[in-house]
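S.K.: So that you have it, the file is target00.tsv, and it contains TSV, C-alpha atoms and all ligand atoms:
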chain	number	residue	atom	x	y	z
F	1	MET	CA	154.00	46.80	112.61
F	2	ALA	CA	153.07	49.79	110.51
F	3	ASN	CA	155.86	51.99	109.34
F	4	SER	CA	155.56	55.49	110.67
F	5	LYS	CA	156.50	58.45	108.53
F	6	TYR	CA	159.50	58.85	110.74
F	7	GLU	CA	160.88	55.46	109.92
F	8	TYR	CA	162.95	56.75	107.00
F	9	VAL	CA	165.60	58.02	109.42
F	10	ARG	CA	166.68	54.42	109.82
F	11	ALA	CA	168.33	54.68	106.45
F	12	PHE	CA	170.84	57.03	108.04
F	13	GLU	CA	172.14	54.24	110.23
F	14	HIS	CA	175.27	52.59	108.97
F	15	ASP	CA	176.93	49.49	110.21
F	16	ASP	CA	180.40	50.56	111.09
F	17	ASN	CA	181.89	47.13	110.90
F	18	LEU	CA	185.48	46.63	111.82
F	19	LEU	CA	187.67	44.47	109.64
F	20	PRO	CA	187.89	40.85	110.72
F	21	ASN	CA	191.25	39.35	111.66
F	22	THR	CA	192.78	42.56	112.84
F	23	TRP	CA	193.88	43.75	116.22
F	24	ILE	CA	191.51	46.44	117.32
F	25	VAL	CA	192.99	49.08	119.56
F	26	VAL	CA	190.62	51.42	121.29
F	27	ARG	CA	192.43	54.36	122.82
F	28	ILE	CA	190.60	56.02	125.67
F	29	ASP	CA	191.62	59.50	126.69
F	30	GLY	CA	190.28	61.75	129.43
F	31	ARG	CA	188.41	64.75	128.04
F	32	GLY	CA	189.77	68.06	129.28
F	33	PHE	CA	191.88	66.39	131.94
F	34	HIS	CA	194.16	69.40	132.09
F	35	ARG	CA	191.34	71.29	133.77
F	36	PHE	CA	190.00	68.22	135.56
F	37	SER	CA	193.38	67.46	137.15
F	38	ASP	CA	193.70	71.08	138.30
F	39	ARG	CA	190.22	71.08	139.74
F	40	TYR	CA	190.86	68.01	141.86
F	41	LYS	CA	194.43	69.06	142.68
F	42	PHE	CA	196.23	66.10	141.12
F	43	GLN	CA	199.86	66.14	142.18
F	44	LYS	CA	202.28	67.24	139.47
F	45	PRO	CA	203.53	65.73	137.31
F	46	ASN	CA	202.29	62.33	138.49
F	47	ASP	CA	199.47	61.76	140.91
F	48	GLU	CA	199.71	58.24	142.20
F	49	ARG	CA	196.04	58.17	143.16
F	50	ALA	CA	194.92	59.35	139.73
F	51	LEU	CA	197.05	56.77	137.95
F	52	ASN	CA	195.97	53.99	140.30
F	53	LEU	CA	192.37	54.98	139.72
F	54	MET	CA	192.88	54.75	135.93
F	55	ASN	CA	194.49	51.34	136.45
F	56	ALA	CA	191.67	50.12	138.69
F	57	ALA	CA	189.07	51.23	136.13
F	58	ALA	CA	191.04	49.51	133.35
F	59	CYS	CA	191.25	46.29	135.37
F	60	ALA	CA	187.52	46.39	135.99
F	61	VAL	CA	186.85	46.86	132.27
F	62	VAL	CA	189.14	43.96	131.32
F	63	ARG	CA	187.32	41.83	133.91
F	64	ASP	CA	183.90	42.92	132.60
F	65	LEU	CA	184.67	42.40	128.94
F	66	PRO	CA	186.29	39.04	128.39
F	67	ASP	CA	187.10	39.88	124.77
F	68	LEU	CA	189.66	42.42	125.90
F	69	ILE	CA	193.13	41.02	125.86
F	70	ILE	CA	195.49	43.70	127.06
F	71	ALA	CA	195.38	47.33	128.12
F	72	TYR	CA	198.15	49.91	128.38
F	73	GLY	CA	197.80	53.18	130.20
F	74	VAL	CA	199.72	56.39	130.66
F	75	SER	CA	198.62	59.78	131.96
F	76	ASP	CA	194.87	60.10	131.32
F	77	GLU	CA	194.77	57.62	128.45
F	78	TYR	CA	194.28	53.90	128.15
F	79	SER	CA	194.69	51.75	125.07
F	80	LYS	CA	192.73	48.57	124.75
F	81	LEU	CA	192.62	45.83	122.25
F	82	VAL	CA	189.40	44.54	120.81
F	83	THR	CA	186.17	46.38	121.39
F	84	THR	CA	186.15	48.52	124.46
F	85	ILE	CA	183.22	50.30	125.78
F	86	VAL	CA	184.32	53.74	126.85
F	87	SER	CA	181.26	54.05	129.02
F	88	THR	CA	182.23	50.96	131.02
F	89	PHE	CA	185.54	52.64	131.74
F	90	THR	CA	183.85	55.89	132.73
F	91	ALA	CA	181.32	54.10	134.92
F	92	HIS	CA	184.08	52.31	136.81
F	93	TYR	CA	186.17	55.49	137.03
F	94	VAL	CA	183.31	57.35	138.65
F	95	TYR	CA	182.36	54.42	140.87
F	96	LEU	CA	185.95	53.97	142.08
F	97	TRP	CA	186.71	57.70	142.54
F	98	PRO	CA	185.92	57.78	146.30
F	99	SER	CA	188.36	54.92	146.93
F	100	PHE	CA	191.18	57.10	145.63
F	101	PHE	CA	190.25	60.74	146.32
F	102	PRO	CA	188.89	62.31	149.50
F	103	THR	CA	186.93	65.07	147.71
F	104	PRO	CA	183.69	63.98	146.07
F	105	LEU	CA	183.19	64.57	142.35
F	106	GLU	CA	181.20	67.70	141.57
F	107	PRO	CA	178.42	67.58	138.96
F	108	GLU	CA	180.00	70.52	137.12
F	109	PHE	CA	183.32	68.71	136.86
F	110	LEU	CA	182.59	65.12	136.01
F	111	PRO	CA	185.17	63.01	134.21
F	112	SER	CA	184.47	61.81	130.70
F	113	PHE	CA	186.56	59.99	128.13
F	114	ASP	CA	186.75	59.77	124.40
F	115	GLY	CA	187.65	56.62	122.56
F	116	ARG	CA	188.89	55.91	119.06
F	117	ALA	CA	189.40	52.59	117.37
F	118	VAL	CA	192.36	51.82	115.15
F	119	GLN	CA	192.89	48.49	113.43
F	120	TYR	CA	196.27	46.88	113.01
F	121	PRO	CA	196.60	43.93	110.65
F	122	SER	CA	199.75	42.36	112.08
F	123	VAL	CA	201.33	41.57	115.41
F	124	ARG	CA	204.28	43.74	114.35
F	125	ASN	CA	201.98	46.73	113.83
F	126	LEU	CA	200.28	46.05	117.12
F	127	ARG	CA	203.53	45.76	119.02
F	128	ASP	CA	204.83	48.90	117.33
F	129	TYR	CA	201.68	50.69	118.44
F	130	MET	CA	202.21	49.58	122.06
F	131	SER	CA	205.92	50.49	121.82
F	132	TRP	CA	205.00	53.91	120.49
F	133	ARG	CA	202.75	54.57	123.51
F	134	GLN	CA	205.43	53.39	125.95
F	135	ALA	CA	208.17	55.41	124.26
F	136	ASP	CA	205.85	58.42	124.49
F	137	CYS	CA	205.31	57.73	128.17
F	138	HIS	CA	209.06	57.74	128.80
F	139	ILE	CA	209.71	60.95	126.83
F	140	ASN	CA	206.81	62.79	128.47
F	141	ASN	CA	207.60	61.60	131.96
F	142	LEU	CA	211.26	62.57	131.74
F	143	TYR	CA	210.23	65.99	130.45
F	144	ASN	CA	207.48	66.47	133.05
F	145	THR	CA	209.63	65.27	135.94
F	146	THR	CA	212.36	67.75	135.01
F	147	PHE	CA	209.90	70.55	134.21
F	148	TRP	CA	208.09	70.25	137.55
F	149	SER	CA	211.34	69.85	139.51
F	150	LEU	CA	212.57	73.14	138.04
F	151	ILE	CA	209.31	74.80	139.10
F	152	LEU	CA	208.47	73.16	142.42
F	153	ARG	CA	212.00	72.71	143.72
F	154	GLY	CA	214.02	75.12	141.62
F	155	GLY	CA	211.61	78.05	142.02
F	156	MET	CA	211.36	78.74	138.27
F	157	SER	CA	208.27	80.04	136.53
F	158	ASN	CA	206.60	77.89	133.88
F	159	THR	CA	208.18	79.98	131.12
F	160	GLU	CA	211.64	79.84	132.69
F	161	ALA	CA	211.40	76.07	133.00
F	162	GLU	CA	210.18	75.78	129.42
F	163	ASN	CA	213.10	77.89	128.20
F	164	ARG	CA	215.57	75.93	130.28
F	165	LEU	CA	214.40	72.69	128.67
F	166	GLN	CA	214.24	74.05	125.14
F	167	GLY	CA	216.49	71.99	122.89
F	168	THR	CA	217.67	69.62	125.62
F	169	VAL	CA	218.07	65.91	124.92
F	170	SER	CA	217.30	63.19	127.46
F	171	GLY	CA	220.89	63.12	128.75
F	172	ASP	CA	220.64	66.82	129.60
F	173	LYS	CA	217.40	66.29	131.51
F	174	ASN	CA	218.91	63.39	133.48
F	175	GLU	CA	221.84	65.66	134.30
F	176	ILE	CA	219.61	68.54	135.46
F	177	LEU	CA	217.65	66.16	137.68
F	178	PHE	CA	220.78	64.68	139.16
F	179	SER	CA	223.02	67.71	139.60
F	180	GLN	CA	220.35	70.23	140.64
F	181	PHE	CA	217.93	68.07	142.57
F	182	GLY	CA	219.81	64.89	143.45
F	183	ILE	CA	217.23	62.85	141.54
F	184	ASN	CA	218.42	59.72	139.78
F	185	TYR	CA	215.77	59.29	137.11
F	186	ASN	CA	216.32	55.53	137.10
F	187	ASN	CA	215.02	55.40	140.66
F	188	GLU	CA	211.72	57.10	139.81
F	189	PRO	CA	208.66	54.83	140.24
F	190	GLU	CA	208.25	52.27	137.45
F	191	MET	CA	204.61	53.25	136.99
F	192	TYR	CA	205.66	56.78	136.05
F	193	LYS	CA	208.50	55.70	133.78
F	194	LYS	CA	206.85	52.78	132.04
F	195	GLY	CA	203.10	53.31	132.35
F	196	SER	CA	200.83	50.41	133.23
F	197	VAL	CA	199.95	47.27	131.38
F	198	VAL	CA	196.89	45.26	132.34
F	199	PHE	CA	196.35	41.68	131.24
F	200	ARG	CA	195.11	38.28	132.35
F	201	ASP	CA	197.83	36.34	134.07
F	202	TYR	CA	198.46	32.69	133.50
F	203	GLU	CA	201.45	30.64	134.49
F	204	ILE	CA	204.65	31.89	132.95
F	205	LYS	CA	206.47	29.05	131.26
F	206	PRO	CA	210.18	29.38	130.64
F	207	GLN	CA	210.85	29.51	126.92
F	208	THR	CA	212.57	26.51	125.42
F	209	GLU	CA	213.12	25.64	121.81
F	210	LYS	CA	210.37	23.05	121.96
F	211	ASN	CA	208.01	25.42	123.72
F	212	ASP	CA	208.33	28.67	121.88
F	213	GLY	CA	205.15	30.64	121.92
F	214	GLY	CA	201.82	29.13	122.76
F	215	THR	CA	201.28	26.51	125.37
F	216	SER	CA	200.39	22.94	124.93
F	217	SER	CA	198.36	22.53	128.08
F	218	LYS	CA	195.29	20.41	127.67
F	219	GLU	CA	193.05	23.29	128.73
F	220	GLY	CA	194.42	25.52	126.07
F	221	ASP	CA	193.61	23.92	122.76
F	222	PHE	CA	192.89	27.07	120.84
F	223	ASP	CA	194.85	26.89	117.66
F	224	THR	CA	193.86	30.00	115.83
F	225	GLY	CA	196.72	30.24	113.41
F	226	GLU	CA	200.29	31.37	113.57
F	227	GLU	CA	199.92	35.11	113.88
F	228	GLY	CA	197.21	37.61	114.37
F	229	PRO	CA	194.20	37.91	116.59
F	230	PRO	CA	191.72	35.20	117.48
F	231	SER	CA	189.76	33.99	114.51
F	232	GLU	CA	187.35	31.12	113.94
F	233	MET	CA	186.93	28.88	116.95
F	234	SER	CA	184.31	26.27	117.60
F	235	LYS	CA	181.57	27.03	120.10
F	236	SER	CA	183.03	24.68	122.66
F	237	GLN	CA	186.48	26.22	122.24
F	238	ILE	CA	184.98	29.65	122.81
F	239	ALA	CA	183.15	28.42	125.90
F	240	LYS	CA	186.37	26.90	127.26
F	241	LEU	CA	188.26	30.08	126.54
F	242	ARG	CA	185.63	32.17	128.31
F	243	LYS	CA	185.84	29.96	131.38
F	244	MET	CA	189.61	30.30	131.53
F	245	GLN	CA	189.41	34.05	131.00
F	246	LYS	CA	186.90	34.43	133.80
F	247	LYS	CA	189.05	32.43	136.21
F	248	ALA	CA	192.27	34.24	135.37
F	249	THR	CA	193.44	37.12	137.52
F	250	VAL	CA	193.68	40.52	135.86
F	251	VAL	CA	197.02	42.04	136.83
F	252	ILE	CA	198.73	45.42	136.51
F	253	ARG	CA	202.43	45.55	135.69
F	254	HIS	CA	204.81	48.42	135.03
F	255	VAL	CA	207.23	46.70	132.71
F	256	ASP	CA	208.96	47.10	129.38
F	257	ILE	CA	206.61	46.12	126.57
F	258	ILE	CA	208.93	47.28	123.79
F	259	LYS	CA	211.40	44.41	124.14
F	260	ASP	CA	210.46	40.87	123.10
F	261	GLU	CA	210.77	39.45	126.59
F	262	PHE	CA	207.38	40.63	127.85
F	263	TRP	CA	205.58	39.01	124.91
F	264	GLU	CA	207.72	35.87	124.84
F	265	GLN	CA	207.03	35.19	128.49
F	266	ARG	CA	203.31	35.60	127.99
F	267	PRO	CA	202.56	33.84	124.72
F	268	TRP	CA	198.81	33.74	125.43
F	269	ILE	CA	198.50	37.50	124.93
F	270	LEU	CA	199.23	37.37	121.22
F	271	SER	CA	198.10	33.82	120.53
F	272	ASN	CA	194.89	33.95	122.56
F	273	LYS	CA	195.78	30.48	123.77
F	274	PRO	CA	195.62	30.75	127.53
F	275	GLY	CA	198.33	29.00	129.40
F	276	LYS	CA	197.70	27.20	132.64
F	277	LEU	CA	196.18	29.23	135.42
F	278	PRO	CA	198.80	30.02	138.05
F	279	ALA	CA	198.69	27.68	141.01
F	280	VAL	CA	196.75	29.22	143.87
F	281	ASP	CA	198.94	29.93	146.87
U	1	LIG	P1	191.78	66.47	125.60
U	1	LIG	O1	192.32	65.08	125.78
U	1	LIG	O2	192.08	67.01	124.24
U	1	LIG	O3	190.34	66.59	125.98
U	1	LIG	O4	192.58	67.43	126.62
U	1	LIG	P2	193.34	67.07	127.97
U	1	LIG	O5	193.32	68.31	128.81
U	1	LIG	O6	192.81	65.81	128.59
U	1	LIG	O7	194.84	66.87	127.46
U	1	LIG	P3	195.75	65.56	127.21
U	1	LIG	O8	194.95	64.29	127.17
U	1	LIG	O9	196.62	65.85	126.04
U	1	LIG	O10	196.71	65.57	128.47
U	1	LIG	C1	196.41	64.97	129.69
U	1	LIG	C2	196.26	66.01	130.78
U	1	LIG	O11	195.95	65.34	132.00
U	1	LIG	C3	197.53	66.83	131.02
U	1	LIG	O12	197.20	68.21	131.11
U	1	LIG	C4	198.03	66.38	132.36
U	1	LIG	C5	196.81	65.77	133.02
U	1	LIG	N1	197.22	64.62	133.83
U	1	LIG	C6	197.19	63.31	133.51
U	1	LIG	N2	197.69	62.55	134.51
U	1	LIG	C7	198.05	63.43	135.49
U	1	LIG	C8	198.64	63.28	136.78
U	1	LIG	O13	198.93	62.17	137.26
U	1	LIG	N3	198.87	64.44	137.49
U	1	LIG	C9	198.56	65.68	136.99
U	1	LIG	N4	198.82	66.76	137.72
U	1	LIG	N5	198.01	65.84	135.79
U	1	LIG	C10	197.76	64.74	135.06
U	2	MG	MG	192.94	64.00	127.57
U	3	MG	MG	195.97	62.31	127.12
What does this structure look like when you write it as structure tokens?
M.R.:
Amino acid sequence: MANSKYEYVRAFEHDDNLLPNTWIVVRIDGRGFHRFSDRYKFQKPNDERALNLMNAAACAVVRDLPDLIIAYGVSDEYSKLVTTIVSTFTAHYVYLWPSFFPTPLEPEFLPSFDGRAVQYPSVRNLRDYMSWRQADCHINNLYNTTFWSLILRGGMSNTEAENRLQGTVSGDKNEILFSQFGINYNNEPEMYKKGSVVFRDYEIKPQTEKNDGGTSSKEGDFDTGEEGPPSEMSKSQIAKLRKMQKKATVVIRHVDIIKDEFWEQRPWILSNKPGKLPAVD
């Protein structure tokens, strides 16, 4: 094929390769969701429908892209490991919108998301990243719950509520919620307090000294090294893995991902060695 005079623009294309053997986190965040959430009258500070819609879109993306291992969401953002296609998320978000909201989307106010990739070389870094997002979720939710209680139930203006909360620590906010509004923060919905984590579920095996991390099921022979993300596997191992991943159910949980327990109970998340599929009931 003859080169056209325009062909030179190809030289501007760069491969933006990601480093091998790292955990790739793609953080998706709604663009201008402050305005978007006002437009569609999201309830403040947490709109259950909006958060469930984000979760449903995240589940659909994890199902669509078998390389994705885990996703964590809070507010209008979702963090995913390994390549994530922001457009897949947006497509599902738009497609699923009518299942969650009665008003149709308007062409002038369509949702869109940005995505950025960050690479973490160790499991520690990765877990610290996830912990950082969940700690942020807790801090923001406690603040927002108190802020909106002062406004919606305490009759304060935004500025008054802001001033009231200036310099308060979490104990003070808990106290305001409890003494002024009878709200025990501990009883707030887990989804609001902890965010949402989406992953493929396999059978949870109790941890024993012999069985610490990884599973030894015959289906799951994917030894990819001690730590770190999946690396070299044979073609047949990859095919096996894909089959398991396709069969596994993608679940949403609102649990602590800062403590070790979550990761210890689900060794396949960090080892990429799927455990047994849960027995069908
Ligand atoms: P950006 O990300 O720079 O394009 O700007 P925004 O406006 O998306 O800001 P961001 O991502 O920092 O904050 C998320 C916004 O989304 C924040 O204004 C609150 C809103 N939002 C997220 N989830 C909910 C919800 O469940 N209910 C309500 N009312 N608002 C929500
Ligand atoms: Mg945003
Ligand atoms: Mg955000």
S.K.: Taking all atoms listed in the file into account, which of F:Arg63, F:Arg127, F:Lys259, F:Arg133 comes nearest ligand MG 3 (chain U)?
M.R.: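 Checking each of F:Arg63, F:Arg127, F:Lys259, F:Arg133 against ligand MG 3 (chain U), counting all atoms listed in the file, the winner is F:Arg133.
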S.K.: Taking all listed atoms of ligand LIG 1 (chain U), build the axis-aligned box, pad each of the six sides by 6 Å, then write its centre and edge lengths in Å to one decimal as AutoDock Vina command-line options.
M.R.:
--center_x 194.6 --center_y 65.2 --center_z 131.0 --size_x 20.6 --size_y 18.1 --size_z 25.5
S.K.: So the first atom is CA of Glu162 (chain F) and the second is CA of Arg49 (chain F); what is the distance between them in Å, to one decimal place?
M.R.: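 According to the coordinates, CA of Glu162 (chain F) and CA of Arg49 (chain F) are separated by 26.4 Å.
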S.K.: Quick one: contact table of chain F to ligand MG 2 (chain U), 10 Å max, nearest atom pair and distance in Å to one decimal per residue, counting only C-alpha atoms and all ligand atoms, chain and number order, as a Markdown table?
M.R.:
| residue | atom | partner | partner_atom | distance |
| --- | --- | --- | --- | --- |
| F:Ile28 | CA | U:MG2 | MG | 8.5 |
| F:Asp29 | CA | U:MG2 | MG | 4.8 |
| F:Gly30 | CA | U:MG2 | MG | 3.9 |
| F:Arg31 | CA | U:MG2 | MG | 4.6 |
| F:Gly32 | CA | U:MG2 | MG | 5.4 |
| F:Phe33 | CA | U:MG2 | MG | 5.1 |
| F:His34 | CA | U:MG2 | MG | 7.1 |
| F:Arg35 | CA | U:MG2 | MG | 9.7 |
| F:Phe36 | CA | U:MG2 | MG | 9.5 |
| F:Ser75 | CA | U:MG2 | MG | 8.3 |
| F:Asp76 | CA | U:MG2 | MG | 5.7 |
| F:Glu77 | CA | U:MG2 | MG | 6.7 |
| F:Ser112 | CA | U:MG2 | MG | 9.3 |
| F:Phe113 | CA | U:MG2 | MG | 7.6 |
| F:Asp114 | CA | U:MG2 | MG | 8.1 |
S.K.: Would you write out those residues with C-alpha atoms, as a tab-separated table (two decimals), keeping the file's coordinate frame?
M.R.:
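In the end it all went to selection19.tsv:
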chain	number	residue	atom	x	y	z
F	28	ILE	CA	190.60	56.02	125.67
F	29	ASP	CA	191.62	59.50	126.69
F	30	GLY	CA	190.28	61.75	129.43
F	31	ARG	CA	188.41	64.75	128.04
F	32	GLY	CA	189.77	68.06	129.28
F	33	PHE	CA	191.88	66.39	131.94
F	34	HIS	CA	194.16	69.40	132.09
F	35	ARG	CA	191.34	71.29	133.77
F	36	PHE	CA	190.00	68.22	135.56
F	75	SER	CA	198.62	59.78	131.96
F	76	ASP	CA	194.87	60.10	131.32
F	77	GLU	CA	194.77	57.62	128.45
F	112	SER	CA	184.47	61.81	130.70
F	113	PHE	CA	186.56	59.99	128.13
F	114	ASP	CA	186.75	59.77	124.40
S.K.: Show me the residues around (190.9, 34.6, 132.2) - criterion: an atom at most 12 Å away, all atoms listed in the file counted - as a PyMOL selection string.
M.R.: chain F and resi 62-70+199-203+220+239-251+268-269+272-278
S.K.: What gap, in Å, lies between CA of Gly182 (chain F) and CA of Tyr40 (chain F)?
M.R.: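 Those two atoms sit 29.2 Å apart.
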S.K.: Rank F:Met130, F:Cys59, F:Cys137, F:Val123 by their smallest atom-to-atom distance to ligand LIG 1 (chain U), using all atoms listed in the file, and report the top residue only.
M.R.: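 Under the stated criterion, the closest residue is F:Cys137.
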S.K.: Nearest to ligand LIG 1 (chain U) among F:Met156, F:Val255, F:Ala60, F:Met191, with distances taken over only C-alpha atoms and all ligand atoms: which residue is it?
M.R.: F:Met191
S.K.: Which of these residues is nearest to Val26 (chain F), using only C-alpha atoms: F:Ala135, F:Ala11, F:Val118, F:Leu105?
M.R.: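 Checking each candidate against Val26 (chain F), we get F:Val118 as the closest.
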S.K.: Could you state the separation of CA of Leu165 (chain F) and atom O1 of ligand LIG 1 (chain U) in Å, given to one decimal place?
M.R.: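 Interatomic distance here is 23.5 Å.
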S.K.: Report as a PyMOL selection string all protein, DNA and RNA residues lying within 10 Å of Ser157 (chain F), evaluated on only C-alpha atoms, omitting residues in the same chain fewer than 6 positions from it.
M.R.: chain F and resi 147-148+150-151+163
S.K.: I need the residue nearest ligand LIG 1 (chain U) from this list: F:Tyr192, F:Tyr95, F:Ala58, F:Thr88. Use all atoms listed in the file for the distance.
M.R.: F:Tyr192
S.K.: So that I can check the surroundings of Thr168 (chain F), please list as an MDAnalysis selection string every protein, DNA and RNA residue that reaches within 12 Å of it, counting all atoms listed in the file and ignoring chain neighbours fewer than 4 positions away.
M.R.: chainID F and resid 139 142:143 146:147 161:164 172:176
S.K.: Using only C-alpha atoms, please write the residues we just selected to a file, as an mmCIF file, keeping the file's coordinate frame.
M.R.:
data_model
loop_
_atom_site.group_PDB
_atom_site.id
_atom_site.type_symbol
_atom_site.label_atom_id
_atom_site.label_comp_id
_atom_site.auth_asym_id
_atom_site.auth_seq_id
_atom_site.Cartn_x
_atom_site.Cartn_y
_atom_site.Cartn_z
ATOM 1 C CA ILE F 139 209.710 60.950 126.830
ATOM 2 C CA LEU F 142 211.260 62.570 131.740
ATOM 3 C CA TYR F 143 210.230 65.990 130.450
ATOM 4 C CA THR F 146 212.360 67.750 135.010
ATOM 5 C CA PHE F 147 209.900 70.550 134.210
ATOM 6 C CA ALA F 161 211.400 76.070 133.000
ATOM 7 C CA GLU F 162 210.180 75.780 129.420
ATOM 8 C CA ASN F 163 213.100 77.890 128.200
ATOM 9 C CA ARG F 164 215.570 75.930 130.280
ATOM 10 C CA ASP F 172 220.640 66.820 129.600
ATOM 11 C CA LYS F 173 217.400 66.290 131.510
ATOM 12 C CA ASN F 174 218.910 63.390 133.480
ATOM 13 C CA GLU F 175 221.840 65.660 134.300
ATOM 14 C CA ILE F 176 219.610 68.540 135.460
#
